[in-house]
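Asks: For reference, the structure I am asking about is given below.
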Amino acid sequence: MRILGIETSCDDTGIGIYDNKKGILANQLYSQIKTHIDYGGIVPELASRDHIRKVIPLIQAAFKEANLTSKDIDGIAYTAGPGLIGSLLVGASIGQALAFAWDLPAIPVNHMEGHLLAPMLEDNPPIFPFVALLVSGGHTQLISVTGMGQYKLLGESLDDAAGETFDKIAKLLGLEYPGGSMLAKIAKYGHTGRFIFPRPMIDSPELNFSFSGLKTSVAKTILSNPKDNQTRYDIALALEDAIVDILVIKCKRALEQTGFKYLVMGGGVSANNKLRDQLTIMMKNRNGKAFYARPEFCTDNGVIISYTGMLRFKCNINSNLIIYVRPRWPLMELPAM
Ligand code: KG4
Ligand code: ZN
């Protein structure tokens with residue numbers, strides 16, 4: 001079975017083709033960084049327009065890369081949410097239209113389920129049950145996963161997401177959008193201990209997060225300190241350390257509460273090397289294991305959507321012509337399999 005996947009939830013246009021026997025056959029990605037860089041963040045209207053321009057050429061490029069035609073495809077998966085509504089509508093409209101024209105099943109996919117399942121694309125994939133840490137631009141969640149679609153929310157951010165905190169502070173530090181990866185780059189040159197930021201809610205037994213107090217504290221520090229490069233590096237390092245510490249402590253607590261031995265990370269922030277290293281060490285000390293995807297599959301792409309669409313093929317077909325998008329779509333509402 002081969003599934004074409006279309007990802008347009010935010011600022012990346014991604015097309016993937018996944019074959020249940022041969023694996024990944026195509027991975028085409030267009031990043032909109034150039035479109036948004038002058039604005040310091042994503043402009044939703046411009047994002048939708050870029051998706052419209054790029055989605056068909058990228059589908060053509062994916063077919064070329066895989067040396068396939070529409071006749072070789074068994075279904076079309078597209079991100080139906082969560083995400084920016086204008087961006088989602090582009091992928092969903094194209095996905096539904098192509099499915100209708102080619103007489104194929106259309107499979108609306110939940111973007112966060114795509115992130116959650118991404119580590120399954122790697123060698124030695126995770127085995128159920130596990131705790132999932134989903135950390136992206138809009139989500140910071142801990143989820144108990146006992147099977148495909150068997151998701152229980154253990155905790156989430158009560159305010160900003162971890163990725164959003166990275167991005168907002170990166171902007172204050174004068175770094176270009178997208179901030180998280182840039183901030184991680186300059187943090188490498190920082191000196192440990194010059195700044196120490198709060199780690200909100202780490203002493204409470206619950207598994208929710210809060211990042212807005214941390215963000216305010218870092219913002220005040222930026223305003224009251226010199227703007228030289230070393231200071232920026234030191235602040236970036238202290239912020240990265242604080243976020244990684246918070247995530248590691250909460251993951252440990254979630255593992256203690258569930259008794260699970262495996263931890264799966266997904267979403268753009270799981271590309272962060274320090275987070276990957278610290279969670280790997282923590283899991284080793286617990287005789288467990290941490291699973292994560294290669295960096296290009298942590299951030300948004302079409303492959304995770306085609307893969308998730310393949311796994312959802314039997315239980316998630318949209319067989320009418322209604323364009324189905326959900327800007328908010330909790331994972332917990334997905335059907336169990
Ligand atoms: O999953 P994703 O690509 O898009 C959403 O679904 O939101 O995640 C994007 C987020 C951004 O906030 C970005 O700054 C963050 O992931 N990110 C990182 C790194 N790479 C991407 N944050 C920290 N360190 C990184 N290396
Ligand atoms: Zn994402």
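By order in the structure tokens, chains are A, B, ...; within a chain, residues start at 1; ligands start at 1, following the order shown.
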Based on the backbone DSSP call, show me all residues of segment 99-335 of chain A assigned strand (DSSP E), as a VMD selection string.

Replies: chain A and resid 106 to 110 130 to 135 140 to 147 150 to 156 262 to 266 289 to 291

Asks: Residues within 6 Å of ligand 1 (only C-alpha atoms and all ligand atoms), as a PDB file with C-alpha atoms, in the first residue's frame?

Replies:
```pdb
ATOM      1  CA  SER A 136       6.196  21.842  19.146  1.00  0.00           C
ATOM      2  CA  GLY A 137       5.530  25.498  18.408  1.00  0.00           C
ATOM      3  CA  GLY A 138       1.972  25.275  19.748  1.00  0.00           C
ATOM      4  CA  GLY A 163       8.688  25.984  21.287  1.00  0.00           C
ATOM      5  CA  GLU A 164       6.827  29.279  21.545  1.00  0.00           C
ATOM      6  CA  PHE A 166      12.170  29.471  22.514  1.00  0.00           C
ATOM      7  CA  ASP A 167      10.818  31.494  19.588  1.00  0.00           C
ATOM      8  CA  PRO A 178      12.516  30.469  13.272  1.00  0.00           C
ATOM      9  CA  GLY A 179      14.062  31.055  16.652  1.00  0.00           C
ATOM     10  CA  GLY A 180      14.330  27.719  18.462  1.00  0.00           C
ATOM     11  CA  SER A 181      17.087  26.171  16.392  1.00  0.00           C
ATOM     12  CA  ALA A 184      20.165  26.396  20.423  1.00  0.00           C
ATOM     13  CA  GLY A 267       7.542  17.793  17.560  1.00  0.00           C
ATOM     14  CA  GLY A 268      10.039  20.453  16.512  1.00  0.00           C
ATOM     15  CA  VAL A 269      11.598  20.980  19.960  1.00  0.00           C
ATOM     16  CA  ALA A 271      15.169  18.162  17.444  1.00  0.00           C
ATOM     17  CA  ASN A 272      17.017  19.974  20.264  1.00  0.00           C
ATOM     18  CA  THR A 299       9.888  19.249  12.557  1.00  0.00           C
ATOM     19  CA  ASP A 300       6.952  19.436  10.135  1.00  0.00           C
TER      20      ASP A 300
END
```

Asks: If you count only C-alpha atoms, which residues fall within 12 Å of segment 197-202 of chain A, apart from same-chain ones fewer than 6 positions away, as a tab-separated table (two decimals) with C-alpha atoms, in the first residue's frame?

Replies:
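Ended up saving to around31.tsv:
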```tsv
chain	number	residue	atom	x	y	z
A	155	GLY	CA	-0.34	17.09	31.49
A	156	GLU	CA	0.12	20.09	29.24
A	157	SER	CA	1.24	23.69	29.27
A	158	LEU	CA	-1.22	26.03	30.94
A	159	ASP	CA	0.13	28.96	28.92
A	208	ASN	CA	1.20	20.41	33.76
A	209	PHE	CA	3.72	22.99	32.62
A	210	SER	CA	3.91	26.77	32.70
A	211	PHE	CA	6.42	28.74	30.66
A	212	SER	CA	5.09	32.31	30.77
A	213	GLY	CA	6.82	33.20	34.08
A	214	LEU	CA	10.10	31.89	32.70
A	215	LYS	CA	9.58	33.92	29.54
A	216	THR	CA	8.94	37.13	31.55
A	217	SER	CA	11.99	36.53	33.72
A	218	VAL	CA	14.23	36.04	30.66
A	219	ALA	CA	12.71	39.09	28.93
A	220	LYS	CA	13.48	41.27	31.99
A	221	THR	CA	17.04	39.95	32.08
A	222	ILE	CA	17.53	40.81	28.40
A	234	ASP	CA	24.83	33.20	28.14
A	235	ILE	CA	21.11	34.04	28.27
A	236	ALA	CA	20.34	31.58	25.45
A	237	LEU	CA	22.19	28.82	27.30
A	238	ALA	CA	20.42	29.56	30.59
A	239	LEU	CA	17.01	29.49	28.86
A	240	GLU	CA	17.77	26.24	27.06
A	241	ASP	CA	18.94	24.70	30.35
A	242	ALA	CA	15.76	25.82	32.14
A	243	ILE	CA	13.41	24.44	29.45
A	244	VAL	CA	15.32	21.16	29.17
A	245	ASP	CA	15.35	20.76	32.98
A	246	ILE	CA	11.60	21.36	33.22
A	247	LEU	CA	10.85	18.87	30.44
A	248	VAL	CA	13.17	16.20	31.88
A	249	ILE	CA	11.74	16.52	35.42
A	250	LYS	CA	8.15	16.28	34.18
A	251	CYS	CA	8.92	13.32	31.90
A	252	LYS	CA	10.53	11.51	34.85
A	253	ARG	CA	7.44	12.15	36.95
```

Asks: Could I get the residues of chain A with an atom no further than 10 Å from an atom of ligand 2, each paired with its nearest atom pair and that distance in Å to one decimal, using only C-alpha atoms and all ligand atoms, sorted by chain and residue number, as JSON lines?

Replies:
```
{"residue": "A:Glu7", "atom": "CA", "partner": "ligand 2", "partner_atom_place_in_ligand_line": "1 (Zn)", "distance": 9.4}
{"residue": "A:Thr8", "atom": "CA", "partner": "ligand 2", "partner_atom_place_in_ligand_line": "1 (Zn)", "distance": 9.8}
{"residue": "A:Ser9", "atom": "CA", "partner": "ligand 2", "partner_atom_place_in_ligand_line": "1 (Zn)", "distance": 7.6}
{"residue": "A:Cys10", "atom": "CA", "partner": "ligand 2", "partner_atom_place_in_ligand_line": "1 (Zn)", "distance": 7.7}
{"residue": "A:Asp11", "atom": "CA", "partner": "ligand 2", "partner_atom_place_in_ligand_line": "1 (Zn)", "distance": 9.5}
{"residue": "A:Asp12", "atom": "CA", "partner": "ligand 2", "partner_atom_place_in_ligand_line": "1 (Zn)", "distance": 9.2}
{"residue": "A:Pro82", "atom": "CA", "partner": "ligand 2", "partner_atom_place_in_ligand_line": "1 (Zn)", "distance": 8.9}
{"residue": "A:Gly83", "atom": "CA", "partner": "ligand 2", "partner_atom_place_in_ligand_line": "1 (Zn)", "distance": 8.5}
{"residue": "A:His111", "atom": "CA", "partner": "ligand 2", "partner_atom_place_in_ligand_line": "1 (Zn)", "distance": 6.4}
{"residue": "A:Met112", "atom": "CA", "partner": "ligand 2", "partner_atom_place_in_ligand_line": "1 (Zn)", "distance": 6.7}
{"residue": "A:Glu113", "atom": "CA", "partner": "ligand 2", "partner_atom_place_in_ligand_line": "1 (Zn)", "distance": 9.7}
{"residue": "A:Gly114", "atom": "CA", "partner": "ligand 2", "partner_atom_place_in_ligand_line": "1 (Zn)", "distance": 8.2}
{"residue": "A:His115", "atom": "CA", "partner": "ligand 2", "partner_atom_place_in_ligand_line": "1 (Zn)", "distance": 6.5}
{"residue": "A:Leu116", "atom": "CA", "partner": "ligand 2", "partner_atom_place_in_ligand_line": "1 (Zn)", "distance": 10.0}
{"residue": "A:Leu134", "atom": "CA", "partner": "ligand 2", "partner_atom_place_in_ligand_line": "1 (Zn)", "distance": 9.4}
{"residue": "A:Val135", "atom": "CA", "partner": "ligand 2", "partner_atom_place_in_ligand_line": "1 (Zn)", "distance": 8.6}
{"residue": "A:Ser136", "atom": "CA", "partner": "ligand 2", "partner_atom_place_in_ligand_line": "1 (Zn)", "distance": 5.8}
{"residue": "A:Gly137", "atom": "CA", "partner": "ligand 2", "partner_atom_place_in_ligand_line": "1 (Zn)", "distance": 7.0}
{"residue": "A:Gly138", "atom": "CA", "partner": "ligand 2", "partner_atom_place_in_ligand_line": "1 (Zn)", "distance": 8.1}
{"residue": "A:His139", "atom": "CA", "partner": "ligand 2", "partner_atom_place_in_ligand_line": "1 (Zn)", "distance": 8.7}
{"residue": "A:Gly266", "atom": "CA", "partner": "ligand 2", "partner_atom_place_in_ligand_line": "1 (Zn)", "distance": 8.6}
{"residue": "A:Gly267", "atom": "CA", "partner": "ligand 2", "partner_atom_place_in_ligand_line": "1 (Zn)", "distance": 5.4}
{"residue": "A:Gly268", "atom": "CA", "partner": "ligand 2", "partner_atom_place_in_ligand_line": "1 (Zn)", "distance": 6.2}
{"residue": "A:Val269", "atom": "CA", "partner": "ligand 2", "partner_atom_place_in_ligand_line": "1 (Zn)", "distance": 9.4}
{"residue": "A:Phe297", "atom": "CA", "partner": "ligand 2", "partner_atom_place_in_ligand_line": "1 (Zn)", "distance": 9.6}
{"residue": "A:Cys298", "atom": "CA", "partner": "ligand 2", "partner_atom_place_in_ligand_line": "1 (Zn)", "distance": 7.8}
{"residue": "A:Thr299", "atom": "CA", "partner": "ligand 2", "partner_atom_place_in_ligand_line": "1 (Zn)", "distance": 5.8}
{"residue": "A:Asp300", "atom": "CA", "partner": "ligand 2", "partner_atom_place_in_ligand_line": "1 (Zn)", "distance": 4.6}
{"residue": "A:Asn301", "atom": "CA", "partner": "ligand 2", "partner_atom_place_in_ligand_line": "1 (Zn)", "distance": 8.0}
{"residue": "A:Ile304", "atom": "CA", "partner": "ligand 2", "partner_atom_place_in_ligand_line": "1 (Zn)", "distance": 9.9}
```

Asks: Please identify which residues in segment 31-62 of chain A DSSP calls helix (DSSP H, G or I) from the backbone, and express them as a ChimeraX atom specification.

Replies: /A:33-39,44-62

Asks: Considering only C-alpha atoms, state which residue in the set A:Gly23, A:Ala77, A:Pro330, A:Ile15 is at the smallest distance from Ile59 of chain A.

Replies: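 Distance minimum relative to Ile59 of chain A lands on A:Ile15.
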
Asks: Quick one: pull the distance between atom CA of Thr140 of chain A and atom CA of Val325 of chain A, Å, one decimal.

Replies: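 That distance, rounded to one decimal, is 21.4 Å.
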
Asks: Which of these, A:Tyr30, A:Tyr18, A:Tyr292, A:Phe195, has the shortest distance to Leu133 of chain A once you count only C-alpha atoms?

Replies: A:Tyr292

Asks: Between A:Ile281, A:Leu311, A:Leu263, A:Met182, which residue has the minimum interatomic distance to Pro129 of chain A, considering only C-alpha atoms?

Replies: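 Among the listed residues, A:Leu263 lies closest to Pro129 of chain A.
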
Asks: Could you please determine the separation between atom CA of Thr165 of chain A and atom CA of Asp38 of chain A in Å, to one decimal place?

Replies: 19.6 Å

Asks: Contacts of Tyr189 of chain A at 8 Å or less, counting only C-alpha atoms, minus same-chain residues fewer than 2 places along, as JSON, numbers by chain?

Replies: {"A": [186, 187, 191, 230, 233, 234, 237]}

Asks: My list of candidates is A:Gly81, A:Cys315, A:Ala336, A:Arg232. Which is closest to Gly174 of chain A when distances are computed with only C-alpha atoms?

Replies: A:Arg232

Asks: When distances are computed from only C-alpha atoms, which of A:Pro105, A:Thr35, A:Leu153, A:Ile127 shows the smallest separation from Glu333 of chain A?

Replies: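 Of all the options, A:Leu153 lies closest to Glu333 of chain A.
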
Asks: When you count only C-alpha atoms, which of these residues is closest to Met1 of chain A: A:Leu46, A:Ile169, A:Met310, A:Ile24?

Replies: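 Under the stated criterion, the closest residue is A:Met310.
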
Asks: Would you give me, as JSON lines, each residue of segment 57-137 of chain A having an atom within 12 Å of an atom of segment 283-291 of chain A, along with its shortest atom pair and that distance in Å to one decimal, using only C-alpha atoms and sorting by chain and residue number?

Replies:
```
{"residue": "A:Leu116", "atom": "CA", "partner": "A:Phe291", "partner_atom": "CA", "distance": 10.5}
{"residue": "A:Leu117", "atom": "CA", "partner": "A:Phe291", "partner_atom": "CA", "distance": 10.5}
{"residue": "A:Ala118", "atom": "CA", "partner": "A:Phe291", "partner_atom": "CA", "distance": 9.7}
{"residue": "A:Pro119", "atom": "CA", "partner": "A:Phe291", "partner_atom": "CA", "distance": 6.2}
{"residue": "A:Met120", "atom": "CA", "partner": "A:Phe291", "partner_atom": "CA", "distance": 8.7}
{"residue": "A:Leu121", "atom": "CA", "partner": "A:Phe291", "partner_atom": "CA", "distance": 10.8}
{"residue": "A:Glu122", "atom": "CA", "partner": "A:Phe291", "partner_atom": "CA", "distance": 9.0}
{"residue": "A:Asp123", "atom": "CA", "partner": "A:Phe291", "partner_atom": "CA", "distance": 10.2}
{"residue": "A:Asn124", "atom": "CA", "partner": "A:Phe291", "partner_atom": "CA", "distance": 8.9}
{"residue": "A:Pro125", "atom": "CA", "partner": "A:Phe291", "partner_atom": "CA", "distance": 7.4}
{"residue": "A:Pro126", "atom": "CA", "partner": "A:Phe291", "partner_atom": "CA", "distance": 6.4}
{"residue": "A:Ile127", "atom": "CA", "partner": "A:Phe291", "partner_atom": "CA", "distance": 9.8}
{"residue": "A:Phe128", "atom": "CA", "partner": "A:Phe291", "partner_atom": "CA", "distance": 11.8}
{"residue": "A:Phe130", "atom": "CA", "partner": "A:Ala290", "partner_atom": "CA", "distance": 9.6}
{"residue": "A:Val131", "atom": "CA", "partner": "A:Ala290", "partner_atom": "CA", "distance": 9.7}
{"residue": "A:Ala132", "atom": "CA", "partner": "A:Phe291", "partner_atom": "CA", "distance": 9.4}
{"residue": "A:Leu133", "atom": "CA", "partner": "A:Phe291", "partner_atom": "CA", "distance": 10.3}
```
